[in-house]
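Data block for my_file-v7.csv (CSV, C-alpha atoms and all ligand atoms):
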chain,number,residue,atom,x,y,z
J,1,MET,CA,17.2,-3.3,2.2
J,2,LYS,CA,16.2,-6.9,1.4
J,3,ALA,CA,15.4,-6.8,-2.3
J,4,TYR,CA,13.2,-9.8,-2.7
J,5,ILE,CA,10.5,-11.5,-0.6
J,6,GLU,CA,8.6,-14.6,-1.8
J,7,THR,CA,5.2,-15.6,-0.5
J,8,GLU,CA,2.9,-18.4,-1.5
J,9,SER,CA,1.5,-16.6,-4.6
J,10,LEU,CA,3.6,-13.4,-4.9
J,11,ILE,CA,7.1,-12.0,-5.3
J,12,LEU,CA,7.8,-8.6,-3.7
J,13,ARG,CA,10.8,-6.9,-5.2
J,14,LYS,CA,12.4,-3.5,-5.5
J,15,ILE,CA,10.8,-1.1,-8.0
J,16,GLU,CA,13.0,-0.3,-11.1
J,17,ILE,CA,12.8,2.3,-13.8
J,18,THR,CA,11.7,-0.4,-16.1
J,19,ASP,CA,8.5,-0.6,-14.1
J,20,THR,CA,7.5,2.9,-15.3
J,21,GLY,CA,5.0,1.7,-17.9
J,22,ASN,CA,3.2,-0.7,-15.6
J,23,LEU,CA,3.2,1.9,-12.8
J,24,TYR,CA,1.6,4.3,-15.2
J,25,ARG,CA,-1.1,1.7,-16.2
J,26,LEU,CA,-1.8,1.3,-12.5
J,27,ASP,CA,-1.9,5.0,-11.5
J,28,SER,CA,-3.8,6.2,-14.6
J,29,ASP,CA,-6.8,4.0,-13.8
J,30,PRO,CA,-9.7,6.0,-12.2
J,31,LEU,CA,-11.1,3.0,-10.5
J,32,VAL,CA,-7.8,2.4,-8.7
J,33,HIS,CA,-7.9,6.1,-7.5
J,34,LYS,CA,-11.5,6.1,-6.4
J,35,TYR,CA,-10.5,6.2,-2.7
J,36,LEU,CA,-7.2,8.0,-3.3
J,37,GLY,CA,-8.5,11.5,-3.9
J,38,ASN,CA,-9.7,10.7,-7.5
J,39,LYS,CA,-6.6,12.1,-9.1
J,40,PRO,CA,-5.3,9.4,-11.5
J,41,ILE,CA,-2.1,10.5,-13.3
J,42,SER,CA,-2.1,11.3,-17.0
J,43,CYS,CA,1.6,11.5,-17.9
J,44,MET,CA,4.5,9.0,-17.6
J,45,SER,CA,6.7,11.5,-15.9
J,46,LYS,CA,4.5,11.3,-12.7
J,47,ALA,CA,5.2,7.5,-12.6
J,48,LYS,CA,8.9,8.2,-13.0
J,49,GLU,CA,8.8,10.7,-10.1
J,50,TYR,CA,7.1,8.2,-7.9
J,51,ILE,CA,9.8,5.6,-8.6
J,52,ASP,CA,12.4,8.2,-7.6
J,53,TYR,CA,10.5,8.8,-4.4
J,54,ILE,CA,10.4,5.1,-3.6
J,55,HIS,CA,14.1,4.8,-4.2
J,56,MET,CA,14.7,7.7,-1.8
J,57,GLN,CA,12.7,5.7,0.8
J,58,TYR,CA,14.8,2.6,0.2
J,59,ASP,CA,18.0,4.6,0.6
J,60,THR,CA,16.9,6.7,3.6
J,61,TYR,CA,14.8,4.5,5.7
J,62,GLY,CA,15.6,0.9,4.5
J,63,ILE,CA,12.0,0.3,3.6
J,64,GLY,CA,9.7,1.1,0.8
J,65,ARG,CA,6.8,0.1,-1.5
J,66,TRP,CA,7.7,-3.1,-3.4
J,67,VAL,CA,6.5,-4.1,-6.9
J,68,THR,CA,4.2,-7.1,-6.5
J,69,ILE,CA,4.4,-9.9,-9.0
J,70,GLU,CA,1.9,-12.7,-9.4
J,71,LYS,CA,4.1,-15.9,-9.4
J,72,SER,CA,1.7,-18.0,-11.5
J,73,SER,CA,1.6,-15.5,-14.4
J,74,GLY,CA,4.7,-13.4,-13.8
J,75,ASP,CA,2.4,-10.4,-14.1
J,76,PHE,CA,3.1,-7.0,-12.5
J,77,ILE,CA,0.0,-6.6,-10.3
J,78,GLY,CA,0.9,-3.3,-8.5
J,79,TRP,CA,2.7,-2.5,-5.3
J,80,SER,CA,2.5,-3.1,-1.6
J,81,GLY,CA,4.8,-2.5,1.4
J,82,LEU,CA,6.0,0.2,3.7
J,83,LYS,CA,6.6,3.9,3.8
J,84,MET,CA,7.9,6.5,6.2
J,85,ASN,CA,5.4,9.4,6.1
J,86,PHE,CA,7.5,12.5,7.0
J,87,GLU,CA,5.6,14.9,4.7
J,88,GLU,CA,2.1,15.4,6.0
J,89,GLU,CA,0.6,15.2,9.4
J,90,MET,CA,-2.3,12.7,9.5
J,91,ASN,CA,-4.5,12.3,12.5
J,92,GLY,CA,-2.0,14.1,14.7
J,93,HIS,CA,0.9,11.8,13.5
J,94,ILE,CA,4.0,12.7,11.5
J,95,ASN,CA,7.1,10.6,10.9
J,96,TYR,CA,5.2,7.4,11.2
J,97,TYR,CA,5.6,4.0,9.4
J,98,ASP,CA,2.7,3.3,7.0
J,99,ILE,CA,1.7,0.0,5.3
J,100,GLY,CA,-0.1,0.2,2.0
J,101,TYR,CA,-1.0,-1.5,-1.3
J,102,ARG,CA,-2.3,-0.6,-4.7
J,103,PHE,CA,-3.2,-3.2,-7.4
J,104,ILE,CA,-4.6,-3.3,-10.9
J,105,PRO,CA,-8.4,-4.2,-10.6
J,106,GLN,CA,-8.0,-7.4,-12.5
J,107,TYR,CA,-6.1,-8.8,-9.5
J,108,TRP,CA,-8.4,-7.7,-6.8
J,109,GLY,CA,-10.3,-10.2,-4.7
J,110,LYS,CA,-7.6,-12.9,-4.7
J,111,GLY,CA,-6.3,-12.3,-1.2
J,112,TYR,CA,-3.1,-10.6,-2.6
J,113,ALA,CA,-3.3,-7.4,-0.5
J,114,THR,CA,-3.6,-9.5,2.6
J,115,GLU,CA,-0.8,-11.9,1.5
J,116,SER,CA,1.7,-9.2,0.6
J,117,SER,CA,0.9,-7.1,3.6
J,118,THR,CA,1.3,-10.0,6.0
J,119,ALA,CA,4.9,-10.3,4.6
J,120,ALA,CA,5.5,-6.6,4.8
J,121,ARG,CA,4.2,-6.4,8.4
J,122,ASP,CA,6.5,-9.3,9.4
J,123,TYR,CA,9.5,-7.6,7.6
J,124,PHE,CA,8.7,-4.4,9.4
J,125,PHE,CA,8.6,-5.9,12.9
J,126,ASP,CA,11.8,-7.8,12.2
J,127,LYS,CA,13.5,-4.6,11.2
J,128,TYR,CA,11.9,-2.2,13.7
J,129,PRO,CA,10.7,-4.3,16.7
J,130,ASP,CA,10.0,-1.3,18.9
J,131,GLN,CA,8.2,0.8,16.4
J,132,LYS,CA,4.5,1.2,15.6
J,133,LEU,CA,3.0,0.3,12.2
J,134,CYS,CA,0.2,2.4,11.0
J,135,GLY,CA,-2.4,2.2,8.2
J,136,LEU,CA,-5.1,4.4,6.9
J,137,ALA,CA,-8.0,4.1,4.5
J,138,GLU,CA,-11.1,6.0,3.6
J,139,ILE,CA,-13.9,4.6,5.7
J,140,GLU,CA,-15.8,3.7,2.5
J,141,ASN,CA,-12.8,1.7,1.2
J,142,LEU,CA,-14.1,-1.4,2.8
J,143,ALA,CA,-11.6,-3.7,1.1
J,144,SER,CA,-8.7,-1.7,2.4
J,145,CYS,CA,-10.1,-1.4,5.9
J,146,ARG,CA,-10.6,-5.1,5.9
J,147,VAL,CA,-7.1,-5.9,4.8
J,148,LEU,CA,-5.7,-3.7,7.6
J,149,GLU,CA,-7.9,-5.5,10.1
J,150,LYS,CA,-7.0,-8.9,8.7
J,151,ILE,CA,-3.2,-8.3,9.1
J,152,GLY,CA,-3.8,-7.4,12.8
J,153,LEU,CA,-3.9,-3.7,12.9
J,154,GLU,CA,-6.4,-2.2,15.3
J,155,ARG,CA,-8.8,0.5,14.2
J,156,LYS,CA,-8.2,3.3,16.6
J,157,ASN,CA,-10.4,6.2,15.3
J,158,ASP,CA,-11.9,7.8,12.3
J,159,PHE,CA,-11.0,11.4,11.4
J,160,LEU,CA,-11.9,14.0,8.9
J,161,TYR,CA,-9.2,14.6,6.3
J,162,THR,CA,-10.1,18.2,5.6
J,163,LYS,CA,-7.9,18.6,2.5
J,164,GLU,CA,-10.2,16.2,0.6
J,165,ASN,CA,-13.2,16.3,2.9
J,166,VAL,CA,-13.3,12.6,3.4
J,167,THR,CA,-13.4,10.5,6.6
J,168,ILE,CA,-10.4,8.2,7.1
J,169,ALA,CA,-10.0,5.3,9.4
J,170,TRP,CA,-6.7,5.1,11.3
J,171,PHE,CA,-5.2,1.7,12.2
J,172,GLU,CA,-2.1,0.8,14.1
J,173,LYS,CA,-0.2,-2.0,15.7
J,174,THR,CA,2.9,-2.5,17.8
J,175,ARG,CA,4.6,-5.8,18.0
N,1,LIG,C1,-7.6,-2.2,-1.5
N,1,LIG,C2,-7.0,-3.4,-2.4
N,1,LIG,C3,-5.5,-3.3,-2.4
N,1,LIG,C4,-7.5,-4.7,-1.8
N,1,LIG,O1,-6.8,-5.7,-2.5
N,1,LIG,P1,-7.3,-7.2,-2.6
N,1,LIG,O2,-6.1,-8.0,-3.0
N,1,LIG,O3,-8.5,-7.3,-3.4
N,1,LIG,O4,-7.6,-7.5,-1.0
N,1,LIG,P2,-7.7,-9.0,-0.4
N,1,LIG,O5,-8.3,-9.9,-1.4
N,1,LIG,O6,-6.5,-9.4,0.3
N,1,LIG,O7,-8.8,-8.7,0.8
N,1,LIG,C5,-9.9,-7.9,0.6
N,1,LIG,C6,-10.9,-8.1,1.8
N,1,LIG,O8,-11.9,-7.1,1.7
N,1,LIG,C7,-13.1,-7.7,1.5
N,1,LIG,N1,-13.9,-6.8,0.6
N,1,LIG,C8,-13.6,-6.4,-0.7
N,1,LIG,N2,-14.5,-5.6,-1.1
N,1,LIG,C9,-15.4,-5.4,-0.1
N,1,LIG,C10,-16.6,-4.6,0.0
N,1,LIG,N3,-17.0,-3.8,-1.0
N,1,LIG,N4,-17.2,-4.6,1.2
N,1,LIG,C11,-16.8,-5.4,2.2
N,1,LIG,N5,-15.6,-6.1,2.2
N,1,LIG,C12,-15.0,-6.1,1.0
N,1,LIG,C13,-12.8,-9.0,0.8
N,1,LIG,O9,-14.0,-9.9,1.0
N,1,LIG,C14,-11.6,-9.4,1.6
N,1,LIG,O10,-12.0,-9.8,3.0
N,1,LIG,P3,-12.2,-11.4,3.4
N,1,LIG,O11,-10.9,-12.1,3.1
N,1,LIG,O12,-12.5,-11.3,4.8
N,1,LIG,O13,-13.3,-11.9,2.5
N,1,LIG,C15,-7.5,-3.2,-3.8
N,1,LIG,O14,-8.9,-3.1,-3.9
N,1,LIG,C16,-6.9,-1.9,-4.5
N,1,LIG,O15,-5.8,-2.0,-5.0
N,1,LIG,N6,-7.7,-0.8,-4.5
N,1,LIG,C17,-7.2,0.4,-5.2
N,1,LIG,C18,-6.1,1.1,-4.4
N,1,LIG,C19,-6.5,1.4,-2.9
N,1,LIG,O16,-7.6,1.8,-2.6
N,1,LIG,N7,-5.5,1.2,-2.1
N,1,LIG,C20,-5.7,1.3,-0.6
N,1,LIG,C21,-5.7,2.7,-0.3
N,1,LIG,S1,-6.0,3.0,1.5

Represent the structure from my file as structure tokens, please.
Amino acid sequence: MKAYIETESLILRKIEITDTGNLYRLDSDPLVHKYLGNKPISCMSKAKEYIDYIHMQYDTYGIGRWVTIEKSSGDFIGWSGLKMNFEEEMNGHINYYDIGYRFIPQYWGKGYATESSTAARDYFFDKYPDQKLCGLAEIENLASCRVLEKIGLERKNDFLYTKENVTIAWFEKTR
């Protein structure tokens, strides 16, 4: 897998074990998890487990979430990128490619989710030209829905995610 993508303001790179502390800072923040089931993590081992999971995605599918760095400051701002969802059926889909992002609040509202996801989308269609790219967000997560729309995914339908009793918008795009 390509290990490094540079956009105008950001660097997207593979996640490493040395990112554990920053990942913990991201995922222990209740504000970040407001539309992610409200389950922020409370121990470092969860962050390490997540890094192992992302490495498995790199090795198995040649894609994965990338650490996102702000070029001007060198700061870790969160992650963005791709995932193969093979674990859980969503909206009648299983084994689908997902695009996502998760940033520390200090870096919201700067266009970074759109910028990083544009690069991830292009990477995806270069690698898998005949596949579909999907995205999901709680309907109340207006920023996330807007990002998916801005990068060209089409909102197909909303569905009830019964496990958490929330309504989710489903987006997708083919090349
Ligand atoms: C979702 C998230 C990644 C967005 O990141 P971001 O870098 O701020 O997004 P961008 O700046 O690229 O774009 C956000 C867009 O949503 C819009 N937006 C933001 N908040 C909004 C709101 N409350 N209502 C309507 N639109 C809103 C912005 O105006 C912008 O659209 P515009 O360019 O047309 O003006 C960020 O809020 C986040 O990390 N949230 C926590 C994790 C999360 O929810 N991840 C997604 C799970 S599905």

Protein and nucleic residues near ligand LIG 1 (chain N), 6 Å, all atoms listed in the file, as a ChimeraX atom specification
/J:32,35,101-103,108-114,136-137,142-144,146-147

Could you save the residues just selected, with C-alpha atoms, as a PDB file, in the frame of the given file?
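Dumped everything to out.pdb:
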ATOM      1  CA  VAL J  32      -7.800   2.400  -8.700  1.00  0.00           C
ATOM      2  CA  TYR J  35     -10.500   6.200  -2.700  1.00  0.00           C
ATOM      3  CA  TYR J 101      -1.000  -1.500  -1.300  1.00  0.00           C
ATOM      4  CA  ARG J 102      -2.300  -0.600  -4.700  1.00  0.00           C
ATOM      5  CA  PHE J 103      -3.200  -3.200  -7.400  1.00  0.00           C
ATOM      6  CA  TRP J 108      -8.400  -7.700  -6.800  1.00  0.00           C
ATOM      7  CA  GLY J 109     -10.300 -10.200  -4.700  1.00  0.00           C
ATOM      8  CA  LYS J 110      -7.600 -12.900  -4.700  1.00  0.00           C
ATOM      9  CA  GLY J 111      -6.300 -12.300  -1.200  1.00  0.00           C
ATOM     10  CA  TYR J 112      -3.100 -10.600  -2.600  1.00  0.00           C
ATOM     11  CA  ALA J 113      -3.300  -7.400  -0.500  1.00  0.00           C
ATOM     12  CA  THR J 114      -3.600  -9.500   2.600  1.00  0.00           C
ATOM     13  CA  LEU J 136      -5.100   4.400   6.900  1.00  0.00           C
ATOM     14  CA  ALA J 137      -8.000   4.100   4.500  1.00  0.00           C
ATOM     15  CA  LEU J 142     -14.100  -1.400   2.800  1.00  0.00           C
ATOM     16  CA  ALA J 143     -11.600  -3.700   1.100  1.00  0.00           C
ATOM     17  CA  SER J 144      -8.700  -1.700   2.400  1.00  0.00           C
ATOM     18  CA  ARG J 146     -10.600  -5.100   5.900  1.00  0.00           C
ATOM     19  CA  VAL J 147      -7.100  -5.900   4.800  1.00  0.00           C
TER      20      VAL J 147
END

In terms of the shortest atom-to-atom distance over all atoms listed in the file, which of J:Ile17, J:Ile94, J:Ala169, J:Leu23 is closest to Thr68 (chain J)?
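Of all the options, J:Leu23 lies closest to Thr68 (chain J).
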
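Using all atoms listed in the file for every distance, the candidate list J:Thr7, J:Asp122, J:Tyr128, J:Val166 yields J:Val166 as the residue closest to Asn38 (chain J).
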
Would you work out the distance separating CA of Lys132 (chain J) from CA of Glu70 (chain J), expressed in Å to one decimal?
28.7 Å

Nearest to Trp79 (chain J), restricted to all atoms listed in the file and choosing among J:Asp19, J:Glu138, J:Glu164, J:Asp126, comes out as J:Asp19

Quick one: residues within 7 Å of Phe159 (chain J), only C-alpha atoms counted, chain neighbours fewer than 3 positions away excluded, as a PyMOL selection string?
chain J and resi 91+167-169

With all atoms listed in the file as the counted atoms, please give the residues lying no more than 12 Å from Thr18 (chain J), apart from itself and same-chain residues fewer than 5 positions off, as a PDB file with C-alpha atoms, keeping the file's coordinate frame.
ATOM      1  CA  LEU J  23       3.200   1.900 -12.800  1.00  0.00           C
ATOM      2  CA  TYR J  24       1.600   4.300 -15.200  1.00  0.00           C
ATOM      3  CA  MET J  44       4.500   9.000 -17.600  1.00  0.00           C
ATOM      4  CA  ALA J  47       5.200   7.500 -12.600  1.00  0.00           C
ATOM      5  CA  LYS J  48       8.900   8.200 -13.000  1.00  0.00           C
ATOM      6  CA  ILE J  51       9.800   5.600  -8.600  1.00  0.00           C
ATOM      7  CA  VAL J  67       6.500  -4.100  -6.900  1.00  0.00           C
ATOM      8  CA  PHE J  76       3.100  -7.000 -12.500  1.00  0.00           C
TER       9      PHE J  76
END

Find, counting only C-alpha atoms, the residue in J:Lys46, J:Arg13, J:Lys83, J:Arg121 that gets nearest to Ile69 (chain J).
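Selected residue with least distance to Ile69 (chain J): J:Arg13.
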
What's around region 71-73 of chain J at 8 Å? Count all atoms listed in the file, leave out sequence neighbours fewer than 4 positions away in its own chain, and write the answer as a PyMOL selection string.
chain J and resi 9-11

Kindly export the residues of the current selection with C-alpha atoms, as a PDB file, in the coordinates of the input.
ATOM      1  CA  SER J   9       1.500 -16.600  -4.600  1.00  0.00           C
ATOM      2  CA  LEU J  10       3.600 -13.400  -4.900  1.00  0.00           C
ATOM      3  CA  ILE J  11       7.100 -12.000  -5.300  1.00  0.00           C
TER       4      ILE J  11
END

When you look at Gly62 (chain J) with a cut-off of 12 Å (counting all atoms listed in the file), what residues show up, excluding the ones that are within fewer than 5 positions of it in the same chain? I need them as a ChimeraX atom specification.
/J:1-3,14,54-57,81-84,97,123-124,127-128

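Comparing the minimum interatomic distances between Tyr96 (chain J) and each of J:Asn157, J:Asp29, J:Glu172, J:Cys43, counting only C-alpha atoms, we find that J:Glu172 sits nearest.
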
Between CA of Gly135 (chain J) and CA of Gly100 (chain J), what is the spacing in Å?
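Calculated distance between CA of Gly100 (chain J) and CA of Gly135 (chain J) is 6.9 Å.
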
By how many Å are CA of Ser42 (chain J) and CA of Ile104 (chain J) apart?
16.0 Å
